[in-house]
$ cat model04.cif   # mmCIF, C-alpha atoms (C1' of nucleotides)
data_start
#
loop_
_atom_site.group_PDB
_atom_site.id
_atom_site.type_symbol
_atom_site.label_atom_id
_atom_site.label_comp_id
_atom_site.auth_asym_id
_atom_site.auth_seq_id
_atom_site.Cartn_x
_atom_site.Cartn_y
_atom_site.Cartn_z
ATOM 1 C CA MET A 1121 131.505 84.175 95.901
ATOM 2 C CA LYS A 1122 129.256 82.753 93.237
ATOM 3 C CA ASN A 1123 128.531 84.465 89.948
ATOM 4 C CA ALA A 1124 126.906 87.846 90.512
ATOM 5 C CA ILE A 1125 124.340 87.303 87.773
ATOM 6 C CA SER A 1126 123.130 84.009 89.158
ATOM 7 C CA ILE A 1127 122.925 85.452 92.651
ATOM 8 C CA LEU A 1128 120.750 88.311 91.447
ATOM 9 C CA ARG A 1129 118.534 85.943 89.442
ATOM 10 C CA ARG A 1130 118.108 83.676 92.442
ATOM 11 C CA TYR A 1131 116.714 86.603 94.412
ATOM 12 C CA ASP A 1132 114.455 87.789 91.580
ATOM 13 C CA ILE A 1133 116.477 90.880 90.831
ATOM 14 C CA GLN A 1134 117.078 91.698 87.187
ATOM 15 C CA PRO A 1135 120.817 91.626 86.622
ATOM 16 C CA THR A 1136 121.804 94.943 85.082
ATOM 17 C CA PRO A 1137 125.392 96.085 84.585
ATOM 18 C CA GLN A 1138 124.987 98.559 87.433
ATOM 19 C CA ARG A 1139 123.660 96.010 89.870
ATOM 20 C CA ILE A 1140 126.300 93.501 88.869
ATOM 21 C CA ALA A 1141 129.021 96.037 89.564
ATOM 22 C CA VAL A 1142 127.571 96.787 92.992
ATOM 23 C CA VAL A 1143 127.075 93.143 93.890
ATOM 24 C CA GLU A 1144 130.514 92.076 92.732
ATOM 25 C CA TYR A 1145 132.119 94.556 95.044
ATOM 26 C CA VAL A 1146 129.904 94.562 98.081
ATOM 27 C CA LEU A 1147 129.292 90.844 98.382
ATOM 28 C CA LYS A 1148 132.958 89.990 98.171
ATOM 29 C CA SER A 1149 134.161 92.797 100.416
ATOM 30 C CA LYS A 1150 135.424 92.009 103.881
ATOM 31 C CA THR A 1151 135.981 95.659 104.815
ATOM 32 C CA HIS A 1152 132.445 96.708 105.772
ATOM 33 C CA PRO A 1153 132.204 99.447 103.156
ATOM 34 C CA SER A 1154 129.967 102.494 103.263
ATOM 35 C CA ALA A 1155 127.616 103.311 100.410
ATOM 36 C CA ASP A 1156 130.170 105.785 99.134
ATOM 37 C CA ASP A 1157 132.895 103.145 99.165
ATOM 38 C CA VAL A 1158 130.635 100.904 97.137
ATOM 39 C CA LEU A 1159 129.895 103.702 94.696
ATOM 40 C CA SER A 1160 133.527 104.458 93.945
ATOM 41 C CA HIS A 1161 134.446 100.803 93.535
ATOM 42 C CA ALA A 1162 131.406 100.034 91.401
ATOM 43 C CA ARG A 1163 132.378 102.872 89.092
ATOM 44 C CA LYS A 1164 135.562 101.041 88.202
ATOM 45 C CA LYS A 1165 133.498 98.342 86.525
ATOM 46 C CA CYS A 1166 130.629 100.559 85.455
ATOM 47 C CA PRO A 1167 131.793 104.176 85.268
ATOM 48 C CA THR A 1168 128.368 105.636 84.613
ATOM 49 C CA VAL A 1169 126.636 104.198 87.659
ATOM 50 C CA SER A 1170 124.902 106.854 89.700
ATOM 51 C CA ARG A 1171 124.703 107.405 93.397
ATOM 52 C CA ALA A 1172 120.950 106.821 93.454
ATOM 53 C CA THR A 1173 121.316 103.446 91.786
ATOM 54 C CA VAL A 1174 123.945 102.339 94.264
ATOM 55 C CA TYR A 1175 121.688 103.304 97.161
ATOM 56 C CA ASN A 1176 118.702 101.641 95.521
ATOM 57 C CA THR A 1177 120.642 98.460 94.901
ATOM 58 C CA LEU A 1178 122.123 98.316 98.383
ATOM 59 C CA ASN A 1179 118.720 98.831 99.962
ATOM 60 C CA LEU A 1180 117.291 96.159 97.699
ATOM 61 C CA LEU A 1181 119.987 93.685 98.679
ATOM 62 C CA VAL A 1182 119.363 94.379 102.340
ATOM 63 C CA GLU A 1183 115.603 93.940 101.925
ATOM 64 C CA LYS A 1184 116.131 90.635 100.159
ATOM 65 C CA GLY A 1185 118.417 89.452 102.910
ATOM 66 C CA LEU A 1186 121.573 89.185 100.810
ATOM 67 C CA LEU A 1187 123.397 91.880 102.679
ATOM 68 C CA GLY A 1188 123.666 93.119 106.233
ATOM 69 C CA MET A 1189 123.502 96.734 107.297
ATOM 70 C CA GLN A 1190 124.995 98.062 110.499
ATOM 71 C CA THR A 1191 125.079 101.374 112.307
ATOM 72 C CA ILE A 1192 128.290 100.912 114.192
ATOM 73 C CA LYS A 1193 130.345 103.980 113.395
ATOM 74 C CA GLU A 1194 129.099 107.491 113.078
ATOM 75 C CA GLY A 1195 128.658 109.281 109.799
ATOM 76 C CA ALA A 1196 127.507 106.459 107.579
ATOM 77 C CA VAL A 1197 125.878 103.103 107.642
ATOM 78 C CA ILE A 1198 128.122 100.194 106.674
ATOM 79 C CA PHE A 1199 127.284 97.072 104.735
ATOM 80 C CA ASP A 1200 128.231 93.586 105.713
ATOM 81 C CA SER A 1201 128.501 90.689 103.286
ATOM 82 C CA ASN A 1202 128.484 88.273 106.182
ATOM 83 C CA ILE A 1203 124.822 87.515 106.758
ATOM 84 C CA LYS A 1204 125.363 84.880 109.380
ATOM 85 C CA LYS A 1205 124.883 86.085 112.940
ATOM 86 C CA HIS A 1206 128.077 87.503 114.341
ATOM 87 C CA HIS A 1207 129.448 90.139 116.663
ATOM 88 C CA HIS A 1208 131.614 93.137 115.807
ATOM 89 C CA PHE A 1209 134.883 94.594 116.936
ATOM 90 C CA VAL A 1210 135.806 98.179 116.026
ATOM 91 C CA ASP A 1211 139.431 99.284 116.094
ATOM 92 C CA SER A 1212 139.417 102.603 117.928
ATOM 93 C CA ASP A 1213 142.519 103.822 116.104
ATOM 94 C CA THR A 1214 141.734 102.908 112.523
ATOM 95 C CA GLY A 1215 137.974 102.565 112.557
ATOM 96 C CA ASP A 1216 138.319 99.149 110.934
ATOM 97 C CA ILE A 1217 135.547 96.719 111.727
ATOM 98 C CA TYR A 1218 136.122 93.007 112.264
ATOM 99 C CA ASP A 1219 133.569 90.236 112.409
ATOM 100 C CA ILE A 1220 133.635 88.092 115.532
ATOM 101 C CA PRO A 1221 132.209 84.603 115.028
ATOM 102 C CA TRP A 1222 128.941 84.061 116.822
ATOM 103 C CA ASP A 1223 130.109 81.194 119.001
ATOM 104 C CA GLN A 1224 133.170 83.009 120.325
ATOM 105 C CA LEU A 1225 130.996 84.880 122.785
ATOM 106 C CA GLU A 1226 128.116 83.870 124.949
ATOM 107 C CA VAL A 1227 125.504 86.344 126.145
ATOM 108 C CA LYS A 1228 123.497 85.198 129.115
ATOM 109 C CA GLY A 1229 120.552 86.737 130.889
ATOM 110 C CA ARG A 1230 118.250 87.769 128.041
ATOM 111 C CA GLU A 1231 115.414 85.702 129.454
ATOM 112 C CA LYS A 1232 115.418 87.909 132.549
ATOM 113 C CA LEU A 1233 114.394 90.984 130.505
ATOM 114 C CA LYS A 1234 110.684 90.833 131.215
ATOM 115 C CA ASP A 1235 109.726 94.026 129.392
ATOM 116 C CA PHE A 1236 111.465 93.272 126.123
ATOM 117 C CA GLU A 1237 110.973 90.811 123.320
ATOM 118 C CA VAL A 1238 114.408 90.460 121.745
ATOM 119 C CA PHE A 1239 114.431 89.783 118.001
ATOM 120 C CA GLU A 1240 118.174 90.005 117.564
ATOM 121 C CA PHE A 1241 121.244 91.092 119.429
ATOM 122 C CA GLN A 1242 124.971 91.393 119.070
ATOM 123 C CA VAL A 1243 127.992 92.379 121.086
ATOM 124 C CA ILE A 1244 129.896 95.427 119.886
ATOM 125 C CA MET A 1245 133.422 95.753 121.179
ATOM 126 C CA ARG A 1246 135.872 98.580 120.774
ATOM 127 C CA GLY A 1247 139.582 98.493 121.334
ATOM 128 C CA ARG A 1248 142.840 97.900 119.571
ATOM 129 C CA ARG A 1249 143.643 95.088 117.218
ATOM 130 C CA LYS A 1250 146.907 93.434 118.149
ATOM 131 C CA LYS A 1251 149.410 93.376 115.338
ATOM 132 C CA LYS A 1252 150.317 89.903 114.226
ATOM 133 C CA MET B 974 119.996 115.955 138.825
ATOM 134 C CA LYS B 975 122.099 118.468 140.669
ATOM 135 C CA ASN B 976 122.240 122.125 139.810
ATOM 136 C CA ALA B 977 123.435 122.639 136.245
ATOM 137 C CA ILE B 978 125.747 125.472 137.225
ATOM 138 C CA SER B 979 127.529 123.513 139.908
ATOM 139 C CA ILE B 980 127.925 120.554 137.588
ATOM 140 C CA LEU B 981 129.548 122.727 134.953
ATOM 141 C CA ARG B 982 131.829 124.362 137.513
ATOM 142 C CA ARG B 983 132.896 121.022 138.889
ATOM 143 C CA TYR B 984 134.091 120.055 135.426
ATOM 144 C CA ASP B 985 135.848 123.371 134.804
ATOM 145 C CA ILE B 986 133.375 124.549 132.233
ATOM 146 C CA GLN B 987 132.254 128.155 132.436
ATOM 147 C CA PRO B 988 128.514 128.153 133.020
ATOM 148 C CA THR B 989 126.951 130.289 130.321
ATOM 149 C CA PRO B 990 123.210 130.555 129.727
ATOM 150 C CA GLN B 991 123.594 128.495 126.564
ATOM 151 C CA ARG B 992 125.517 125.714 128.262
ATOM 152 C CA ILE B 993 123.118 125.700 131.193
ATOM 153 C CA ALA B 994 120.192 125.267 128.831
ATOM 154 C CA VAL B 995 121.915 122.380 127.084
ATOM 155 C CA VAL B 996 122.979 120.684 130.295
ATOM 156 C CA GLU B 997 119.604 121.035 131.944
ATOM 157 C CA TYR B 998 117.959 119.202 129.128
ATOM 158 C CA VAL B 999 120.478 116.600 128.105
ATOM 159 C CA LEU B 1000 121.608 115.489 131.557
ATOM 160 C CA LYS B 1001 118.083 114.949 132.774
ATOM 161 C CA SER B 1002 116.807 113.325 129.601
ATOM 162 C CA LYS B 1003 116.079 109.638 129.576
ATOM 163 C CA THR B 1004 115.164 109.534 125.895
ATOM 164 C CA HIS B 1005 118.604 109.400 124.271
ATOM 165 C CA PRO B 1006 118.179 112.619 122.307
ATOM 166 C CA SER B 1007 119.992 113.591 119.137
ATOM 167 C CA ALA B 1008 121.865 116.869 118.865
ATOM 168 C CA ASP B 1009 118.890 118.331 117.075
ATOM 169 C CA ASP B 1010 116.556 117.256 119.855
ATOM 170 C CA VAL B 1011 118.836 118.975 122.326
ATOM 171 C CA LEU B 1012 118.926 122.116 120.206
ATOM 172 C CA SER B 1013 115.176 122.493 120.020
ATOM 173 C CA HIS B 1014 114.686 121.860 123.732
ATOM 174 C CA ALA B 1015 117.544 124.148 124.727
ATOM 175 C CA ARG B 1016 115.946 126.922 122.696
ATOM 176 C CA LYS B 1017 112.956 126.874 124.998
ATOM 177 C CA LYS B 1018 115.146 128.105 127.820
ATOM 178 C CA CYS B 1019 117.564 130.101 125.717
ATOM 179 C CA PRO B 1020 115.926 130.996 122.398
ATOM 180 C CA THR B 1021 119.019 132.474 120.832
ATOM 181 C CA VAL B 1022 121.273 129.462 121.248
ATOM 182 C CA SER B 1023 122.881 128.423 118.005
ATOM 183 C CA ARG B 1024 123.423 125.037 116.499
ATOM 184 C CA ALA B 1025 127.193 125.382 116.699
ATOM 185 C CA THR B 1026 127.071 126.072 120.417
ATOM 186 C CA VAL B 1027 124.912 123.047 121.058
ATOM 187 C CA TYR B 1028 127.325 120.841 119.148
ATOM 188 C CA ASN B 1029 130.294 122.442 120.908
ATOM 189 C CA THR B 1030 128.733 121.947 124.305
ATOM 190 C CA LEU B 1031 127.696 118.374 123.666
ATOM 191 C CA ASN B 1032 131.153 117.487 122.421
ATOM 192 C CA LEU B 1033 132.655 119.181 125.435
ATOM 193 C CA LEU B 1034 130.438 117.257 127.834
ATOM 194 C CA VAL B 1035 131.387 114.015 126.136
ATOM 195 C CA GLU B 1036 135.102 114.855 126.319
ATOM 196 C CA LYS B 1037 134.818 115.639 129.992
ATOM 197 C CA GLY B 1038 133.033 112.392 130.615
ATOM 198 C CA LEU B 1039 129.719 113.868 131.740
ATOM 199 C CA LEU B 1040 127.790 112.487 128.831
ATOM 200 C CA GLY B 1041 127.791 109.361 126.736
ATOM 201 C CA MET B 1042 127.568 109.245 122.964
ATOM 202 C CA GLN B 1043 126.312 106.289 121.009
ATOM 203 C CA THR B 1044 125.974 105.344 117.359
ATOM 204 C CA ILE B 1045 123.088 102.983 117.634
ATOM 205 C CA LYS B 1046 120.572 104.205 115.125
ATOM 206 C CA GLU B 1047 121.263 105.539 111.705
ATOM 207 C CA GLY B 1048 121.100 109.186 110.791
ATOM 208 C CA ALA B 1049 122.397 110.783 113.944
ATOM 209 C CA VAL B 1050 124.449 110.137 117.002
ATOM 210 C CA ILE B 1051 122.507 110.023 120.259
ATOM 211 C CA PHE B 1052 123.522 111.231 123.686
ATOM 212 C CA ASP B 1053 123.161 109.297 126.886
ATOM 213 C CA SER B 1054 122.989 110.869 130.323
ATOM 214 C CA ASN B 1055 123.682 107.495 131.881
ATOM 215 C CA ILE B 1056 127.455 107.293 132.085
ATOM 216 C CA LYS B 1057 127.584 104.048 133.963
ATOM 217 C CA LYS B 1058 128.302 101.018 131.816
ATOM 218 C CA HIS B 1059 125.124 99.557 130.411
ATOM 219 C CA HIS B 1060 123.664 97.790 127.428
ATOM 220 C CA HIS B 1061 121.026 99.028 125.006
ATOM 221 C CA PHE B 1062 117.727 97.849 123.652
ATOM 222 C CA VAL B 1063 116.235 99.465 120.542
ATOM 223 C CA ASP B 1064 112.530 99.177 119.845
ATOM 224 C CA SER B 1065 112.273 98.210 116.195
ATOM 225 C CA ASP B 1066 108.860 99.835 115.803
ATOM 226 C CA THR B 1067 109.368 103.163 117.515
ATOM 227 C CA GLY B 1068 113.122 103.582 117.458
ATOM 228 C CA ASP B 1069 113.076 104.242 121.186
ATOM 229 C CA ILE B 1070 116.219 103.267 123.030
ATOM 230 C CA TYR B 1071 116.224 101.757 126.507
ATOM 231 C CA ASP B 1072 119.131 101.300 128.868
ATOM 232 C CA ILE B 1073 119.702 97.777 130.126
ATOM 233 C CA PRO B 1074 121.539 97.597 133.454
ATOM 234 C CA TRP B 1075 125.024 96.204 133.160
ATOM 235 C CA ASP B 1076 124.513 93.255 135.461
ATOM 236 C CA GLN B 1077 121.390 92.017 133.708
ATOM 237 C CA LEU B 1078 123.542 90.406 131.036
ATOM 238 C CA GLU B 1079 126.741 88.476 131.140
ATOM 239 C CA VAL B 1080 129.083 88.310 128.167
ATOM 240 C CA LYS B 1081 131.542 85.443 128.292
ATOM 241 C CA GLY B 1082 134.421 84.543 126.024
ATOM 242 C CA ARG B 1083 136.245 87.844 125.526
ATOM 243 C CA GLU B 1084 139.482 86.376 126.819
ATOM 244 C CA LYS B 1085 139.507 83.959 123.898
ATOM 245 C CA LEU B 1086 139.855 86.803 121.385
ATOM 246 C CA LYS B 1087 143.597 86.593 120.942
ATOM 247 C CA ASP B 1088 143.923 89.276 118.256
ATOM 248 C CA PHE B 1089 141.972 91.973 120.011
ATOM 249 C CA GLU B 1090 142.485 94.123 123.051
ATOM 250 C CA VAL B 1091 138.982 95.068 124.168
ATOM 251 C CA PHE B 1092 138.661 98.502 125.803
ATOM 252 C CA GLU B 1093 134.895 98.455 126.104
ATOM 253 C CA PHE B 1094 131.920 96.509 124.917
ATOM 254 C CA GLN B 1095 128.170 96.421 125.111
ATOM 255 C CA VAL B 1096 125.277 94.305 123.958
ATOM 256 C CA ILE B 1097 122.842 95.921 121.552
ATOM 257 C CA MET B 1098 119.462 94.266 121.280
ATOM 258 C CA ARG B 1099 116.622 94.997 118.930
ATOM 259 C CA GLY B 1100 113.039 93.935 119.253
ATOM 260 C CA ARG B 1101 109.726 95.022 120.633
ATOM 261 C CA ARG B 1102 109.067 96.482 124.020
ATOM 262 C CA LYS B 1103 106.197 94.747 125.744
ATOM 263 C CA LYS B 1104 103.420 97.082 126.788
ATOM 264 C CA LYS B 1105 102.894 97.205 130.494
ATOM 265 C "C1'" DA C 1391 136.294 152.442 136.280
ATOM 266 C "C1'" DT C 1392 138.577 151.553 131.843
ATOM 267 C "C1'" DA C 1393 141.264 149.208 128.726
ATOM 268 C "C1'" DT C 1394 142.863 144.861 127.127
ATOM 269 C "C1'" DT C 1395 143.094 140.226 126.609
ATOM 270 C "C1'" DT C 1396 140.567 135.842 126.603
ATOM 271 C "C1'" DA C 1397 136.643 132.972 126.111
ATOM 272 C "C1'" DT C 1398 132.332 132.205 124.073
ATOM 273 C "C1'" DT C 1399 128.630 132.629 120.762
ATOM 274 C "C1'" DT C 1400 126.647 133.410 116.364
ATOM 275 C "C1'" DA C 1401 125.665 133.155 111.492
ATOM 276 C "C1'" DG C 1402 126.629 131.308 107.521
ATOM 277 C "C1'" DA C 1403 129.412 128.458 104.501
ATOM 278 C "C1'" DC C 1404 130.607 123.973 103.622
ATOM 279 C "C1'" DA C 1405 130.963 118.822 102.878
ATOM 280 C "C1'" DA C 1406 128.845 114.350 103.365
ATOM 281 C "C1'" DT C 1407 124.952 111.154 103.794
ATOM 282 C "C1'" DG C 1408 120.737 109.701 102.115
ATOM 283 C "C1'" DT C 1409 116.088 110.278 99.733
ATOM 284 C "C1'" DC C 1410 113.141 111.651 96.136
ATOM 285 C "C1'" DA C 1411 110.886 113.027 91.656
ATOM 286 C "C1'" DA C 1412 111.052 113.811 86.731
ATOM 287 C "C1'" DG C 1413 112.602 112.541 82.685
ATOM 288 C "C1'" DA C 1414 115.483 109.389 79.760
ATOM 289 C "C1'" DC C 1415 116.702 104.976 78.492
ATOM 290 C "C1'" DT C 1416 116.168 99.887 77.669
ATOM 291 C "C1'" DA C 1417 114.040 95.696 76.703
ATOM 292 C "C1'" DA C 1418 110.087 93.078 76.097
ATOM 293 C "C1'" DA C 1419 105.577 92.166 74.588
ATOM 294 C "C1'" DT C 1420 101.819 93.185 71.825
ATOM 295 C "C1'" DA D 1230 106.120 100.079 65.270
ATOM 296 C "C1'" DT D 1231 104.071 101.120 69.750
ATOM 297 C "C1'" DT D 1232 103.021 100.429 74.162
ATOM 298 C "C1'" DT D 1233 104.406 98.941 78.667
ATOM 299 C "C1'" DA D 1234 107.101 98.003 82.572
ATOM 300 C "C1'" DG D 1235 111.316 98.281 84.645
ATOM 301 C "C1'" DT D 1236 115.503 100.669 85.415
ATOM 302 C "C1'" DC D 1237 118.807 104.487 85.469
ATOM 303 C "C1'" DT D 1238 120.423 109.293 85.758
ATOM 304 C "C1'" DT D 1239 120.412 113.901 87.050
ATOM 305 C "C1'" DG D 1240 119.648 117.255 90.067
ATOM 306 C "C1'" DA D 1241 117.103 119.006 93.955
ATOM 307 C "C1'" DC D 1242 116.421 118.568 98.608
ATOM 308 C "C1'" DA D 1243 116.699 117.768 103.759
ATOM 309 C "C1'" DT D 1244 119.643 116.535 107.499
ATOM 310 C "C1'" DT D 1245 123.883 115.951 110.166
ATOM 311 C "C1'" DG D 1246 128.005 117.802 111.607
ATOM 312 C "C1'" DT D 1247 132.210 120.870 111.248
ATOM 313 C "C1'" DC D 1248 134.514 125.113 110.502
ATOM 314 C "C1'" DT D 1249 135.660 130.130 110.160
ATOM 315 C "C1'" DA D 1250 135.204 134.914 110.781
ATOM 316 C "C1'" DA D 1251 133.069 138.302 113.105
ATOM 317 C "C1'" DA D 1252 130.470 139.799 117.085
ATOM 318 C "C1'" DT D 1253 129.690 139.535 121.954
ATOM 319 C "C1'" DA D 1254 130.564 138.719 126.702
ATOM 320 C "C1'" DA D 1255 133.485 137.955 130.507
ATOM 321 C "C1'" DA D 1256 137.774 138.174 133.112
ATOM 322 C "C1'" DT D 1257 141.954 140.389 134.143
ATOM 323 C "C1'" DA D 1258 145.066 144.044 134.651
ATOM 324 C "C1'" DT D 1259 146.002 148.877 134.828
#

$ encode --input "model04.cif" --output "structure tokens"
Amino acid sequence: MKNAISILRRYDIQPTPQRIAVVEYVLKSKTHPSADDVLSHARKKCPTVSRATVYNTLNLLVEKGLLGMQTIKEGAVIFDSNIKKHHHFVDSDTGDIYDIPWDQLEVKGREKLKDFEVFEFQVIMRGRRKKK
Amino acid sequence: MKNAISILRRYDIQPTPQRIAVVEYVLKSKTHPSADDVLSHARKKCPTVSRATVYNTLNLLVEKGLLGMQTIKEGAVIFDSNIKKHHHFVDSDTGDIYDIPWDQLEVKGREKLKDFEVFEFQVIMRGRRKKK
DNA sequence: ATATTTATTTAGACAATGTCAAGACTAAAT
DNA sequence: ATTTAGTCTTGACATTGTCTAAATAAATAT
């Protein structure tokens, strides 16, 4: 990941210590953290950061297109640093979420859906991750 | 939909007025209601029914396989009276959820996912529903 | 029928997620 | 120095969902 400050500047967001702490964690994370996960990790770098600021920053990053947001598991939205199109696999035992590269799956038949204009889609799979 | 009482009996659930009220609404609904939606509609038939009982009943119906449960939109789980496999389309403007028949789409490539044992999957699409 | 388990419901407490408004703080710009 | 704009914090608030203890209803046995 590039420098957090330069990333924020590039998207016209003033780089404050709070935002830097959020960005440094969430944009490098591969674990699909919840807002609360981000809050507790951001507090390691910036102990005073508040819950409201973390939510504000996450929503800002999503609006600007730097960050993905998914409602895959119940209880809380999760954030996804991978902004390329991809599918998701959820481990039913652990709840862990894995990204599945877009070209690993092919979805056919969307053109037959006469009543719907599809902006985006993804496959969500659930099951068990095989141990290596 | 068949008689609510006989459905409950068939699944070894004692038919109480509260459960009947819940079942009559949620199993005939095509709108993918939240638990709170179910609560307010069930109260029309059974005004004293409590929130806890609605949650208990919904969870029971899901456990018994009478009802589907989906985490598609943020904020609350939704319940799905369609227990056959199907995909979902979410209207980005209204939030309405539509069932897409299973055989309208084909998902290819799952066998290539070496690290994952897939128990179930579905396609989730977002976009705009075309007016008739 | 009556007493005694057993199952079910209720009300309220509780924790977690997420939003919001008011005031405090910071950094520029005038 | 003072205003101004932007940002942050605190705490309140609404909502979702679970849990427990007590009340109620139903089923069984006597």

$ resolve_selection --input "model04.cif" --expression "the PyMOL selection byres ((chain B) within 7 of (chain A))" --output "JSON, numbers by chain"
{"B": [1044, 1045, 1046, 1047, 1050, 1077, 1078, 1079, 1080, 1081, 1082, 1083, 1088, 1089, 1090, 1091, 1092, 1093, 1094, 1095, 1096, 1097, 1098, 1099, 1100, 1101, 1102, 1103]}

$ residues_near_point --input "model04.cif" --point "(123.5, 107.3, 93.5)" --cutoff "9 Å" --atoms "only C-alpha atoms (C1' of nucleotides)" --output "number ranges by chain"
A: 1155-1156, 1159, 1169-1176; D: 1238

$ axis_aligned_box --input "model04.cif" --around "segment 1193-1199 of chain A" --padding-each-side "8 Å" --output "AutoDock Vina command-line options"
--center_x 128.1 --center_y 103.2 --center_z 109.1 --size_x 20.5 --size_y 28.2 --size_z 24.7

$ resolve_selection --input "model04.cif" --expression "the PyMOL selection byres ((chain C) within 10 of (chain A))" --output "list of chain:residue names"
C:DA1406, C:DT1407, C:DG1408, C:DT1409, C:DC1410

$ interface_residues --input "model04.cif" --of "chain D" --to "chain A" --cutoff "12 Å" --atoms "only C-alpha atoms (C1' of nucleotides)" --output "ChimeraX atom specification"
/D:1235-1240,1244-1246
